[in-house]
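First up is the structure itself, then whatever we jot down about it.
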Amino acid sequence: MSPRQWARDLAMGARFAVTGGREGWVRMTLTAVGVGIGVALLLLCTALPNVFAARTEVENARYDNTYSEKTPPKADDTFLIAATDTTWLDDDIRGRLLEPEGKKAPLPPGVDSFPGKGEMVVSPALKDLLASDGAKLLRERLPYKITGTIGESGLIGSHELAYYAGASGLKLTDFSPVKRLTEYGKPDEKPEKTDPVLLLMVLVVFVVLLTPVAVFIAAAVRFGGERRDRRLAALRLVGSDSHMTRRLAAGEALAGALLGLVIGTGFFLLGRQTLGSGELLGVSVWPSYLDPSPALAALVAVTVPVAAVLVTLLAMRGVVVEPLGVVRAAKQRRRRLWWRLIPPLAGLAMLYPLIGKGRKNGDFNQYLVIGGVLLLLIGITALLPWVVEAVVVRLGKGTLSWQLAIRRLQLSSGTAARMVNGIAVAVAGAIALQMLFTGTQSQYTKSTGKDPDRVQMQVDFSDRRSLSAVERDFTDTKGVRAAVALATQEYGDTRRDPENSNGLTVGSCAALRELATLPSCKDGDVFVTRTRSHYATPSNADEIALMKPGRQLYIGPSYGDASERGLEAPWTVPPNVRVVDARKDSLEDANSLLVTPAALPAKAAPTLFTDGAYLRLDPSVPDSREYIRNTVARIDPLASTYGWSATQENAKYTSIRTGLFVGSFFVLALIGASLLVSQLEQLRERKKLLSALVAFGTRRRTLSLSVLWQTALPVGLGLVLATTVGITLGSVLLKMTRTPVAMDWASVLTMTGVGAAVVGVVTLLSLPPLLRMMRPEGLRTE
């Protein structure tokens with residue numbers, strides 16, 4: 001067969017689809033919408049590399065730190081900058097204080113001019129937030145006048161909260177967060193080696209999210225297949241052979257696929273604009289980030305029509321279109337199982353060499369991973385028709401609605417399985433990924449050693465402060481139940497360059513009790529711990545020996561040419577020094593020497609570094625954290641405030657999981673929309689049958705229940721198969737990462753329930769058109 005004949009037959013089939021009257025248009029529209037939804041998601045996936053690259057480019061361009069230990073001298077092109085990040089409710093706000101030191105100081109990306117003192121430029125999202133009624137506390141924390149907005153080049157997303165505020169008098173010291181820079185941007189650095197297990201997760205996430213899309217597109221091009229085949233029988237009467245008939249059918253599918261490309265592009269452009277103005281799970285982008293990669297977009301444009309033709313030709317092999325009808329209603333041969341086991345077994349065979357590789361033996365072979373996971377998931381689409389047929393052939397007895405449903409499934413089990421294939425593949429992939437993430441979570445979650453039941457928030461100050469003033473400020477803050485503050489300094493046996501030196505911690509009796517077990521305490525007492533809470537060598541015998549009453553020591557000794565020479569404070573060890581034990585749950589890696597403020601000479605107070613404040617909150621005050629952040633911003637805008645948590649997750653692991661959730665949302669939306677289109681197409685195919693049954697007196701309730709059973713039974717079988725394959729794939733992935741296989745049945749049931757819920761919603765949405773079709777008037781024809 002010449003290529004010209006192929007092209008002519010495909011073109012004729014496409015022309016039949018376009019000029020075939022209302023019936024042809026309805027079928028092509030349904031196919032186009034189904035394909036279009038999948039194409040839109042594929043185009044979105046082709047844009048993801050550009051999204052990651054664009055966000056990274058912005059982050060690098062506005063980078064305002066330095067790897068160099070040498071600070072540049074003040075010049076006409078230097079500026080001072082300090083991070084003032086904060087949090088509002090659960091949203092992070094990126095903040096910076098800016099002070100240009102010359103006329104040539106560079107501007108941050110996205111900013112047209114430096115804000116003056118008391119002024120700030122903000123992101124559009126932060127501007128809207130500050131103008132809202134519920135942001136009174138945030139407006140108190142950022143008491144600057146808004147003079148402009150940050151442009152797109154300075155923000156990683158349309159909903160990012162960020163600001164640059166003008167400042168004057170920023171101090172550049174060894175301990176302050178203020179930096180002097182001459183330019184923005186991240187210097188070139190050696191790329192960090194990525195964890196092989198995290199790379200494995202990324203590969204599996206992409207395969208799991210994209211495979212259901214391909215399955216749905218393949219199902220969409222077969223919409224209306226039964227009516228199409230009956231129409232093709234007429235062509236046999238005018239002389240077309242069976243091969244030409246198949247090519248004509250492929251041409252009809254090609255027309256729907258091409259229209260689907262157009263519709264999918266429209267959906268993508270609409271979604272691109274919507275995503276650019278929205279936010280999902282705390283992630284937002286600009287529309288310009290969602291520009292598909294030209295090569296990947298071209299691949300989608302070629303693959304979808306070709307796949308439509310190949311799927312149709314493959315489907316037509318099981319249908320005999322004769323001049324007087326379609327041999328589809330005749331009793332079919334039982335489906336064979338042996339060849340349907342080949343894809344999943346081949347997938348397991350590809351993954352088997354990777355078992356036990358773990359993270360210490362190099363990267364996983366990406367071709368084996370992609371191929372193995374893909375074959376396992378595609379194996380569901382091969383096995384499900386056999387499972388549905390094997391089950392429904394043994395069913396029959398029951399209520400009238402049950403019998404109607406079972407008979408329909410026995411006649412067209414393949415059609416029912418096609419509807420469920422996508423949801424089954426998605427659920428299987430979700431179960432496998434959930435097992436992988438749950439199993440490896442402990443490897444990417446470390447204990448912080450902090451007890452959030454004991455302390456809920458901690459504040460680290462940028463400069464020296466009075467301990468009593470700090471405790472008073474926080475105690476007077478709404479929502480604070482208790483507050484303790486600590487300060488630290490070094491002591492030595494000589495004023496300069498001491499041979500023996502250690503650290504001391506200063507605090508009130510209440511604060512020191514958070515570090516050590518004290519028998520009694522009053523202001524003026526001094527303690528030395530015989531143990532330390534966090535050190536490998538806990539003995540402090542040398543320091544205890546140094547603490548002889550009456551011995552002369554120096555607080556804040558200087559070294560070399562230190563700028564703080566002359567601030568050394570002589571201190572005589574008092575006679576009431578006592579030896580105590582450090583608490584195992586000490587708030588910090590405490591110094592051995594613990595001193596109350598009255599035990600120090602007055603000259604020592606200016607040398608103390610305020611270590612921080614530890615706060616216990618009142619849970620009955622809902623905005624207690626916001627009141628605390630406002631207090632911190634008032635007394636020290638450069639202080640760092642953060643909450644305590646018992647564990648901390650790896651940032652890359654968290655970002656991959658967030659990406660999975662975002663992608664799952666779109667795939668679930670695709671599943672729901674495609675299932676609804678497929679359900680409507682199935683109802684349209686049976687419109688006359690439903691109308692005839694109603695005309696003969698069948699109750700609508702019986703027919704509605706029969707349609708429900710026709711959906712529920714294949715879905716149930718599909719979810720059982722998906723659970724089996726998902727658990728198998730998840731177990732293999734865990735063995736590949738050298739992680740013990742443990743079943744998280746709650747997650748498995750959750751994923752299965754989500755899939756069932758999507759089908760339930762689709763079924764409910766299809767009830768109104770079903771009721772409209774169940775009318776005797778549906779028998780009318782022209």
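Chain labels A, B, ... are given in the sequence in which chains occur in the structure tokens; within each chain residues are numbered consecutively from 1, and ligands are likewise numbered from 1 in the order shown.
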
Could you find all residues in stretch 212-448 of chain A that DSSP calls strand (DSSP E) from the backbone, and write them as a VMD selection string?
chain A and resid 320 to 322 325 to 327 445 to 447

Those selected residues, please, written with N, CA and C atoms and delivered as an mmCIF file, in the first residue's frame.
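Ended up saving to result-v6.cif:
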data_model
loop_
_atom_site.group_PDB
_atom_site.id
_atom_site.type_symbol
_atom_site.label_atom_id
_atom_site.label_comp_id
_atom_site.auth_asym_id
_atom_site.auth_seq_id
_atom_site.Cartn_x
_atom_site.Cartn_y
_atom_site.Cartn_z
ATOM 1 N N VAL A 320 -15.040 -6.806 12.760
ATOM 2 C CA VAL A 320 -15.223 -7.146 11.344
ATOM 3 C C VAL A 320 -16.388 -6.325 10.822
ATOM 4 N N VAL A 321 -16.086 -5.348 9.950
ATOM 5 C CA VAL A 321 -17.114 -4.499 9.366
ATOM 6 C C VAL A 321 -17.496 -5.076 8.006
ATOM 7 N N GLU A 322 -18.732 -5.580 7.917
ATOM 8 C CA GLU A 322 -19.231 -6.178 6.689
ATOM 9 C C GLU A 322 -20.291 -5.269 6.074
ATOM 10 N N GLY A 325 -23.482 -5.195 8.179
ATOM 11 C CA GLY A 325 -23.431 -4.965 9.613
ATOM 12 C C GLY A 325 -22.040 -5.140 10.176
ATOM 13 N N VAL A 326 -21.967 -5.029 11.492
ATOM 14 C CA VAL A 326 -20.708 -5.116 12.222
ATOM 15 C C VAL A 326 -20.734 -6.363 13.081
ATOM 16 N N VAL A 327 -19.760 -7.226 12.900
ATOM 17 C CA VAL A 327 -19.686 -8.445 13.682
ATOM 18 C C VAL A 327 -18.992 -8.108 15.004
ATOM 19 N N THR A 445 14.110 13.123 57.300
ATOM 20 C CA THR A 445 13.590 13.877 58.439
ATOM 21 C C THR A 445 14.506 13.642 59.616
ATOM 22 N N LYS A 446 15.048 14.697 60.149
ATOM 23 C CA LYS A 446 15.957 14.563 61.283
ATOM 24 C C LYS A 446 15.358 15.242 62.514
ATOM 25 N N SER A 447 15.736 14.726 63.652
ATOM 26 C CA SER A 447 15.266 15.302 64.905
ATOM 27 C C SER A 447 16.039 16.584 65.212
#

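The protein and nucleic acid residues lying at most 7 Å from A:Thr84 are Gly95, Arg96, Leu97, Pro637 and Leu638 of chain A, with only C-alpha atoms considered and sequence neighbours fewer than 6 positions away removed.
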
Residues within 9 Å of A:Ala424, only C-alpha atoms, excluding chain neighbours under 5 positions, as a ChimeraX atom specification
/A:212,377,380-381,384,429,715,718-723,755

Those residues you just picked out, can you put them in a file as a tab-separated table (two decimals), in the first residue's frame with C-alpha atoms?
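That gives us again34.tsv:
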chain	number	residue	atom	x	y	z
A	212	PRO	CA	-2.73	8.36	33.04
A	377	LEU	CA	1.42	0.81	34.89
A	380	ILE	CA	-2.98	-2.45	34.20
A	381	THR	CA	-4.63	-1.41	30.93
A	384	LEU	CA	-8.18	-4.87	33.46
A	429	GLY	CA	0.96	5.13	40.69
A	715	VAL	CA	-14.34	0.83	39.04
A	718	GLY	CA	-10.03	-1.53	38.64
A	719	LEU	CA	-9.24	-0.21	42.12
A	720	VAL	CA	-8.53	-3.74	43.39
A	721	LEU	CA	-6.14	-4.33	40.48
A	722	ALA	CA	-4.61	-0.86	40.96
A	723	THR	CA	-4.04	-1.55	44.65
A	755	GLY	CA	-10.03	7.49	43.13

Distance query A:Leu587 at most 9 Å, only C-alpha atoms, self and fewer than 4 positions along chain excluded, as an MDAnalysis selection string
chainID A and resid 450:451 455 514:515 583 614

Which polymer residues have any atom within 9 Å of an atom of stretch 201-210 of chain A, counting only C-alpha atoms, with same-chain residues fewer than 5 positions away left out, as a ChimeraX atom specification?
/A:41-42,45,196,215,366,369-370,373-374,377,425-426,428-430,433,436-437,653,656-657,659-660,663-664,667

What lies within 10 Å of A:Leu258 using only C-alpha atoms, ignoring chain neighbours under 4 positions off, as a tab-separated table (two decimals) with all heavy atoms, in the first residue's frame?
chain	number	residue	atom	x	y	z
A	14	ALA	N	-11.17	11.77	7.58
A	14	ALA	CA	-11.29	13.05	8.28
A	14	ALA	C	-12.43	13.87	7.70
A	14	ALA	O	-13.17	14.55	8.44
A	14	ALA	CB	-9.97	13.81	8.18
A	31	THR	N	-14.52	13.46	21.11
A	31	THR	CA	-13.12	13.00	21.00
A	31	THR	C	-12.16	14.17	21.19
A	31	THR	O	-11.16	14.05	21.91
A	31	THR	CB	-12.89	12.35	19.62
A	31	THR	OG1	-13.76	11.23	19.48
A	31	THR	CG2	-11.45	11.90	19.47
A	32	ALA	N	-12.47	15.29	20.54
A	32	ALA	CA	-11.58	16.45	20.61
A	32	ALA	C	-11.47	16.99	22.03
A	32	ALA	O	-10.38	17.37	22.48
A	32	ALA	CB	-12.08	17.54	19.66
A	35	VAL	N	-9.36	14.46	24.06
A	35	VAL	CA	-7.95	14.59	23.68
A	35	VAL	C	-7.41	15.95	24.13
A	35	VAL	O	-6.27	16.06	24.61
A	35	VAL	CB	-7.78	14.41	22.16
A	35	VAL	CG1	-6.35	14.74	21.73
A	35	VAL	CG2	-8.13	12.99	21.76
A	36	GLY	N	-8.23	17.00	23.98
A	36	GLY	CA	-7.78	18.34	24.33
A	36	GLY	C	-7.40	18.49	25.78
A	36	GLY	O	-6.41	19.15	26.12
A	253	ALA	N	-10.56	9.35	13.51
A	253	ALA	CA	-9.87	9.58	14.79
A	253	ALA	C	-8.81	10.66	14.65
A	253	ALA	O	-8.61	11.48	15.55
A	253	ALA	CB	-9.23	8.28	15.27
A	254	LEU	N	-8.14	10.68	13.48
A	254	LEU	CA	-7.12	11.71	13.24
A	254	LEU	C	-7.75	13.10	13.25
A	254	LEU	O	-7.17	14.05	13.82
A	254	LEU	CB	-6.43	11.44	11.90
A	254	LEU	CG	-5.36	12.46	11.47
A	254	LEU	CD1	-4.22	12.48	12.48
A	254	LEU	CD2	-4.84	12.13	10.08
A	262	VAL	N	-5.97	21.54	18.84
A	262	VAL	CA	-6.37	22.96	18.86
A	262	VAL	C	-7.07	23.30	20.17
A	262	VAL	O	-6.76	24.30	20.82
A	262	VAL	CB	-7.27	23.27	17.65
A	262	VAL	CG1	-7.76	24.72	17.72
A	262	VAL	CG2	-6.54	23.02	16.35
A	263	ILE	N	-8.02	22.45	20.55
A	263	ILE	CA	-8.76	22.69	21.80
A	263	ILE	C	-7.82	22.61	23.00
A	263	ILE	O	-7.89	23.43	23.92
A	263	ILE	CB	-9.91	21.68	21.94
A	263	ILE	CG1	-10.96	21.93	20.86
A	263	ILE	CG2	-10.54	21.76	23.32
A	263	ILE	CD1	-12.10	20.94	20.87
A	264	GLY	N	-6.92	21.62	22.99
A	264	GLY	CA	-5.97	21.49	24.08
A	264	GLY	C	-5.06	22.70	24.20
A	264	GLY	O	-4.75	23.15	25.32
A	301	ALA	N	2.72	17.54	19.57
A	301	ALA	CA	1.93	17.79	18.36
A	301	ALA	C	2.01	16.65	17.37
A	301	ALA	O	1.07	16.39	16.62
A	301	ALA	CB	2.39	19.10	17.71
A	302	VAL	N	3.13	15.94	17.35
A	302	VAL	CA	3.29	14.82	16.42
A	302	VAL	C	2.77	13.52	17.03
A	302	VAL	O	2.10	12.72	16.37
A	302	VAL	CB	4.78	14.67	16.02
A	302	VAL	CG1	4.98	13.39	15.22
A	302	VAL	CG2	5.23	15.89	15.23
A	304	VAL	N	0.49	12.84	19.44
A	304	VAL	CA	-0.95	12.66	19.68
A	304	VAL	C	-1.69	12.21	18.42
A	304	VAL	O	-2.43	11.22	18.44
A	304	VAL	CB	-1.57	13.95	20.27
A	304	VAL	CG1	-3.09	13.86	20.30
A	304	VAL	CG2	-1.03	14.19	21.67
A	305	PRO	N	-1.54	12.88	17.25
A	305	PRO	CA	-2.22	12.36	16.05
A	305	PRO	C	-1.76	10.97	15.63
A	305	PRO	O	-2.57	10.13	15.23
A	305	PRO	CB	-1.88	13.41	14.98
A	305	PRO	CG	-1.51	14.64	15.74
A	305	PRO	CD	-0.84	14.15	16.98
A	308	ALA	N	-3.34	8.48	17.83
A	308	ALA	CA	-4.76	8.32	17.51
A	308	ALA	C	-4.94	7.34	16.36
A	308	ALA	O	-5.83	6.46	16.40
A	308	ALA	CB	-5.37	9.67	17.16

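Straight-line separation from atom CA of A:Lys127 to atom CA of A:Arg141: 14.0 Å.
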
Quick one: DSSP helix (DSSP H, G or I) residues in stretch 358-428 of chain A, as a PyMOL selection string?
chain A and resi 366-392+400-411+413-428

Gap from atom CA of A:Asn65 to atom CA of A:Ser462 - Å, one decimal:
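Those two atoms sit 16.7 Å apart.
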
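Distance-wise, atom CA of A:Pro3 and atom CA of A:Gly38 end up 29.0 Å apart.
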
Using only C-alpha atoms, find the one residue out of A:Pro452, A:Pro109, A:Gly151, A:Pro385 that sits nearest to A:Thr647.
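Residue with the minimum atom-to-atom distance to A:Thr647: A:Pro452.
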
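When only C-alpha atoms are used to compute distances to A:Ser558, the closest of the residues A:Tyr491, A:Asp128, A:Ala669, A:Lys70 turns out to be A:Tyr491.
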
When you count only C-alpha atoms, which of these residues is closest to A:Gly148: A:Ser592, A:Thr728, A:Ser113, A:Asn60?
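Using only C-alpha atoms, the shortest distance to A:Gly148 belongs to A:Ser113.
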